[in-house]
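Below is one structure; the comments refer to it alone.
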Amino acid sequence: MPEAPHVVVVGGGISGLTAALRLDALGAAVTVVEAADTPGGKMQASPVAGVPVDSGAESVLARRPEALGLISELGLEERVVHPGPGSASVYSRGRIRSLPQGQLMGVPGDLAALARSGVLSPAGTLRAALDLVWPRTPVRGDLPVASYIGIRMGRQVVERLVEPLLGGVYAGRADLLSLDATLPQIAPMARRDRSLMRAVRASLEKGTPAKGKGPVFASLRGGIASLPLALAERLGGRVRTGTRVLSLERRPQGWRVRTDGGPLEADAVLLACPAPEAARLLSEHVPEAARELGGIEYASMALVTFALPASAFPEPPSGTGFLVPAGEGLTVKAATFSSNKWPWLGEELARTAPGQDLVLLRCSIGRHGESGVLERSDEDLAAVALADLATVTGLSGSPVETRVTRWTDGLPQYAVGHTGRVERVRTALTRHPGLGVCGAAYGGVGIPACIADAGREAERLADALRTDIHPGRGDGADGHDQQGVNP
Ligand SMILES: Cc1cc2nc3c(=O)[nH]c(=O)nc-3n(C[C@H](O)[C@H](O)[C@H](O)COP(=O)(O)OP(=O)(O)OC[C@H]3O[C@@H](n4cnc5c(N)ncnc54)[C@H](O)[C@@H]3O)c2cc1C
């Protein structure tokens with residue numbers, strides 16, 4: 001019986017773990033090498049007031065099939081939870097206001113609803129209305145989000161709606177982010193339609209089959225961080241945590257992967273780590289891909305999570321939280337009322353801290369290019385976040401517990417031309433059939449997009465292993481015992 005080819009996956013975040021599961025199913029022997037002591041990458045949780053609260057990603061888009069599909073595959077469906085009632089708001093012009101109805105990633109499709117929301121000044125609303133009468137804006141190549149939407153609808157739509165919503169995903173700036181890569185629903189409208197507002201409205205009225213019904217977001221009781229943990233458990237001894245990949249060495253047959261826990265021999269290597277690390281590992285072997293990867297910038301941010309007595313608020317916080325545009329004079333860029341958004345958290349708090357009537361809030365701080373604020377100590381960040389919460393909600397009183405989590409270089413920035421850059425990286429790698437890349441730096445930072453990218457890249461590598469590298473070696477149809485062939 002032929003021996004299964006061995007693939008080393010560098011990085012045990014959701015992308016690396018998913019790719020390993022798929023490669024295993026396709027007949028490869030896999031080893032996931034993860035530098036941190038726990039798998040999960042940006043998906044981590046730790047207790048606050050005795051309850052496990054996500055300290056990185058907190059939810060998945062339920063309108064895409066990949067994350068919920070993986071959750072079912074791992075037998076976790078019974079733990080799926082959805083946000084409680086209420087919607088997100090924006091802190092604009094000195095107070096919290098509901099996001100206008102009929103918007104798509106902040107781009108308004110309904111002028112009357114935009115005016116009613118009060119998010120923009122009357123002048124800003126009139127400026128947005130000009131989109132309805134102005135001639136078409138010719139759009140050829142990719143361009144910054146702020147350029148196109150700014151021309152059509154004015155700066156206020158960009159600054160008070162689109163940038164805060166994009167900020168929740170990229171912690172990025174609308175004047176740098178790519179329209180094609182970050183607003184793929186809007187980009188075709190920019191090329192096809194005269195009025196953006198009408199195009200958004202038509203698209204929302206029509207809906208799409210993928211959009212479907214039901215809640216937009218989902219998470220897991222115990223935190224969405226339980227998803228990579230369940231994946232790692234499924235993969236068992238094939239995941240090596242606390243081990244960093246130091247370099248790759250090309251061998252006559254495959255690769256030697258040097259780690260701080262000793263070398264591993266591999267037929268193929270899949271880099272599921274952030275782009276700067278992939279660039280470093282590829283620099284000697286595929287310099288053209290490394291150069292492109294080295295050009296992807298990352299934003300840093302911090303999350304401050306508080307457990308507070310509900311009595312600290314003049315009235316209980318309602319809704320799921322609020323976004324803060326850059327020009328509003330606050331340091332936090334968003335706050336999530338976590339125990340409102342995820343009712344299971346409230347239930348757990350009532351169980352672990354009975355009679356204390358606690359609420360959980362999570363504030364995010366830091367935008368791309370704004371690193372100064374993150375140089376402050378944890379205590380300062382917590383104090384600033386508390387002061388901002390006091391400004392917005394009237395909160396007075398002290399938290400019973402505070403957790404500060406830093407995500408240095410945590411979010412890749414999809415700058416103008418990102419899609420072309422990713423194509424060039426992947427084209428360069430096709431000339432090296434035993435190498436692949438996947439993860440948040442490529443086809444979307446959201447968890448479902450990472451799962452999809454990992455699946456595609458696992459299939460591409462498995463095909464290459466069958467046809468280009470070791471034709472005739474294991475195709476998995478024989479149910480090969482993967483554990484037995486691990487190095
Ligand atoms: C604060 C925050 C909140 C977010 N919220 C959401 C959300 O609510 N919903 C959503 O869909 N997305 C969210 N995201 C985005 C999403 O979580 C990430 O894009 C996704 O988890 C990235 O997964 P990944 O496996 O591609 O990369 P990562 O999670 O970055 O994993 C890469 C792994 O590679 C390891 N590694 C790096 N170098 C080496 C090496 N040399 N050797 C071995 N291992 C190495 C790292 O330790 C890391 O564990 C959020 C991101 C952040 C930072």
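All residue names refer to the structure tokens as shown: chains lettered A, B, ... in order, residues numbered from 1 in each chain, ligands numbered from 1 in order.
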
Exercise. Could you name the residues that touch region 425-437 of chain A at 7 Å or less, counting only C-alpha atoms, but leaving out those on the same chain fewer than 4 positions away, as a list of chain:residue names?
Worked result: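 My list of contacting residues is A:Gly254, A:Asp267, A:Ala268, A:Val269, A:Leu270, A:Leu271, A:Ala272, A:Glu288, A:Ala289, A:Glu292, A:Arg421, A:Glu457, A:Leu461, A:Ala464, A:Asp468, A:Ile469.
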
Go ahead and write the residues just picked, C-alpha atoms, as a JSON list (two decimals), in the first residue's frame.
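Contents of result.json, as written:
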```json
[["chain", "number", "residue", "atom", "x", "y", "z"],
["A", 254, "GLY", "CA", 9.86, 17.77, -1.07],
["A", 267, "ASP", "CA", 6.05, 16.41, 0.50],
["A", 268, "ALA", "CA", 4.22, 19.73, 0.57],
["A", 269, "VAL", "CA", 3.93, 22.76, 2.83],
["A", 270, "LEU", "CA", 0.82, 24.88, 3.28],
["A", 271, "LEU", "CA", 1.45, 28.30, 4.83],
["A", 272, "ALA", "CA", -1.67, 29.24, 6.84],
["A", 288, "GLU", "CA", 8.29, 37.13, -6.30],
["A", 289, "ALA", "CA", 5.49, 35.80, -4.05],
["A", 292, "GLU", "CA", 3.95, 40.66, -2.90],
["A", 421, "ARG", "CA", -1.76, 40.97, -5.65],
["A", 457, "GLU", "CA", -6.14, 25.45, -1.24],
["A", 461, "LEU", "CA", -2.41, 20.93, -3.01],
["A", 464, "ALA", "CA", -0.74, 18.71, -7.12],
["A", 468, "ASP", "CA", 2.78, 16.81, -10.21],
["A", 469, "ILE", "CA", 4.69, 15.68, -7.16]]
```

For this session: Set the cut-off to 7 Å, count only C-alpha atoms and all ligand atoms, and list whatever residues fall near ligand 1 as a PyMOL selection string.
Result: chain A and resi 10-16+33-36+39-43+56-61+169+243-246+272-274+277+301+303+407+410-411+438-441+445-448+450

For this session: From region 292-403 of chain A, collect each residue whose DSSP state is strand (DSSP E or B) and return the set as JSON, numbers by chain.
Result: {"A": [298, 299, 300, 301, 302, 303, 304, 305, 306, 307, 308, 309, 321, 322, 323, 332, 333, 334, 335, 336, 358, 359, 360, 361, 362, 363, 364, 365, 401, 402, 403]}

For this session: Name the residues of region 348-435 of chain A that fall into helix (DSSP H, G or I) according to DSSP on the backbone, using the chain letters and numbers of this document, as a ChimeraX atom specification.
Result: /A:348-352,371-375,378-393,418-430

Problem set entry | Residue contacts of Asp142 (chain A) (12 Å, only C-alpha atoms) excluding same-chain residues fewer than 5 positions away, as a VMD selection string | chain A and resid 147 to 148 176 to 184 186 to 188 190 to 191 414 to 421

Exercise. With only C-alpha atoms as the basis for distance, which of A:Arg460, A:Arg221, A:Arg251, A:Arg116 is at the shortest distance from Glu78 (chain A)?
Worked result: A:Arg221

For this session: Skip region 197-209 of chain A itself and residues of its chain fewer than 5 positions away, then list as a count of residues only all residues within 9 Å of it, counting only C-alpha atoms.
Result: 17

For this session: Tell me, as a ChimeraX atom specification, which residues lie within 7 Å of region 367-382 of chain A, counting only C-alpha atoms; anything in the same chain fewer than 2 positions away does not count.
Result: /A:171-173,299-301,304,384-386,404

For the selection just defined, write its residues with N, CA, C and O atoms to a file, as a PDB file, in the first residue's frame.
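And here is the file that came out, out25.pdb:
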```pdb
ATOM      1  N   ALA A 171     -10.524  47.203  10.763  1.00  0.00           N
ATOM      2  CA  ALA A 171      -9.885  48.285  11.528  1.00  0.00           C
ATOM      3  C   ALA A 171      -9.104  49.176  10.557  1.00  0.00           C
ATOM      4  O   ALA A 171      -8.017  49.655  10.859  1.00  0.00           O
ATOM      5  N   GLY A 172      -9.694  49.361   9.365  1.00  0.00           N
ATOM      6  CA  GLY A 172      -8.952  50.047   8.301  1.00  0.00           C
ATOM      7  C   GLY A 172      -9.554  51.381   7.923  1.00  0.00           C
ATOM      8  O   GLY A 172     -10.579  51.791   8.466  1.00  0.00           O
ATOM      9  N   ARG A 173      -8.903  52.040   6.983  1.00  0.00           N
ATOM     10  CA  ARG A 173      -9.329  53.379   6.564  1.00  0.00           C
ATOM     11  C   ARG A 173      -9.910  53.325   5.158  1.00  0.00           C
ATOM     12  O   ARG A 173      -9.313  52.770   4.236  1.00  0.00           O
ATOM     13  N   ALA A 299      -3.262  45.955  10.469  1.00  0.00           N
ATOM     14  CA  ALA A 299      -3.684  46.905  11.511  1.00  0.00           C
ATOM     15  C   ALA A 299      -3.628  46.215  12.869  1.00  0.00           C
ATOM     16  O   ALA A 299      -3.894  45.015  12.979  1.00  0.00           O
ATOM     17  N   SER A 300      -3.293  47.004  13.889  1.00  0.00           N
ATOM     18  CA  SER A 300      -3.295  46.485  15.261  1.00  0.00           C
ATOM     19  C   SER A 300      -4.518  47.035  15.990  1.00  0.00           C
ATOM     20  O   SER A 300      -5.005  48.116  15.654  1.00  0.00           O
ATOM     21  N   MET A 301      -4.959  46.303  16.958  1.00  0.00           N
ATOM     22  CA  MET A 301      -6.079  46.805  17.770  1.00  0.00           C
ATOM     23  C   MET A 301      -6.056  46.162  19.145  1.00  0.00           C
ATOM     24  O   MET A 301      -5.310  45.209  19.396  1.00  0.00           O
ATOM     25  N   VAL A 304     -11.078  45.772  24.965  1.00  0.00           N
ATOM     26  CA  VAL A 304     -11.196  45.893  26.419  1.00  0.00           C
ATOM     27  C   VAL A 304     -12.576  45.367  26.801  1.00  0.00           C
ATOM     28  O   VAL A 304     -13.592  45.896  26.336  1.00  0.00           O
ATOM     29  N   VAL A 384      -9.511  54.815  29.385  1.00  0.00           N
ATOM     30  CA  VAL A 384     -10.024  55.576  28.235  1.00  0.00           C
ATOM     31  C   VAL A 384     -11.349  54.975  27.758  1.00  0.00           C
ATOM     32  O   VAL A 384     -12.315  55.692  27.457  1.00  0.00           O
ATOM     33  N   ALA A 385     -11.386  53.645  27.689  1.00  0.00           N
ATOM     34  CA  ALA A 385     -12.615  52.978  27.213  1.00  0.00           C
ATOM     35  C   ALA A 385     -13.767  53.271  28.174  1.00  0.00           C
ATOM     36  O   ALA A 385     -14.896  53.555  27.743  1.00  0.00           O
ATOM     37  N   LEU A 386     -13.469  53.243  29.465  1.00  0.00           N
ATOM     38  CA  LEU A 386     -14.516  53.507  30.459  1.00  0.00           C
ATOM     39  C   LEU A 386     -15.017  54.951  30.353  1.00  0.00           C
ATOM     40  O   LEU A 386     -16.225  55.209  30.440  1.00  0.00           O
ATOM     41  N   VAL A 404      -7.921  43.142  29.058  1.00  0.00           N
ATOM     42  CA  VAL A 404      -7.411  43.847  27.866  1.00  0.00           C
ATOM     43  C   VAL A 404      -6.703  42.820  26.985  1.00  0.00           C
ATOM     44  O   VAL A 404      -5.821  42.103  27.454  1.00  0.00           O
TER      45      VAL A 404
END
```

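Candidate residues A:Ala312, A:Val145, A:Pro122, A:Asp37 were compared for distance to Leu166 (chain A), and the nearest is A:Val145, using only C-alpha atoms.
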
Exercise. Got a sec: who's within 10 Å of region 389-395 of chain A, counting only C-alpha atoms, leaving out chain neighbours fewer than 2 positions off, as a list in words?
Worked result: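 The contact residues come out as Tyr91, Gly94, Arg95, Ile96, Leu308, Ala310, Ser311, Ala312, Phe313, Pro314, Glu315, Pro316, Pro317, Phe322, Leu330, Val332, Ala335, Leu361, Cys363, Ala383, Val384, Ala385, Leu386, Ala387, Gly397 and Ser398 of chain A.
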
File dump, residues just selected, C-alpha atoms, as a CSV table (one decimal), in the first residue's frame:
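And here is the file that came out, selection_13.csv:
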```csv
chain,number,residue,atom,x,y,z
A,91,TYR,CA,-22.6,57.3,17.7
A,94,GLY,CA,-23.2,63.6,19.9
A,95,ARG,CA,-25.6,60.7,20.4
A,96,ILE,CA,-26.4,57.0,19.6
A,308,LEU,CA,-20.0,45.9,35.1
A,310,ALA,CA,-26.1,46.9,35.5
A,311,SER,CA,-26.8,49.5,38.2
A,312,ALA,CA,-23.8,51.5,36.9
A,313,PHE,CA,-25.9,52.6,33.9
A,314,PRO,CA,-28.6,55.3,34.3
A,315,GLU,CA,-30.7,53.0,32.1
A,316,PRO,CA,-29.8,49.5,31.0
A,317,PRO,CA,-27.9,49.5,27.7
A,322,PHE,CA,-22.5,51.1,18.7
A,330,LEU,CA,-13.8,59.3,21.2
A,332,VAL,CA,-13.1,53.6,21.1
A,335,ALA,CA,-18.5,48.9,21.7
A,361,LEU,CA,-19.3,45.1,27.3
A,363,CYS,CA,-14.8,48.0,23.4
A,383,ALA,CA,-9.6,54.0,31.7
A,384,VAL,CA,-10.0,55.6,28.2
A,385,ALA,CA,-12.6,53.0,27.2
A,386,LEU,CA,-14.5,53.5,30.5
A,387,ALA,CA,-14.5,57.3,30.0
A,397,GLY,CA,-19.1,53.2,38.6
A,398,SER,CA,-16.3,50.7,38.3
```

Exercise. Distance CA of Arg258 (chain A)-CA of Pro5 (chain A), one decimal place?
Worked result: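 So the two atoms, CA of Arg258 (chain A) and CA of Pro5 (chain A), lie 18.1 Å apart.
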
Problem set entry | region 69-76 of chain A surroundings by only C-alpha atoms, 9 Å radius, close-in-sequence under 2 positions cut, as a ChimeraX atom specification | /A:18,65-67,78-80,220,227,230-231,234,451

For this session: Figure out the distance between CA of Gly319 (chain A) and CA of Ala350 (chain A), please, to one decimal in Å.
Result: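 So the two atoms, CA of Ala350 (chain A) and CA of Gly319 (chain A), lie 19.4 Å apart.
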
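Using only C-alpha atoms for every distance, the candidate list A:Ala115, A:Leu293, A:Met105, A:Ala462 yields A:Ala462 as the residue closest to Val7 (chain A).
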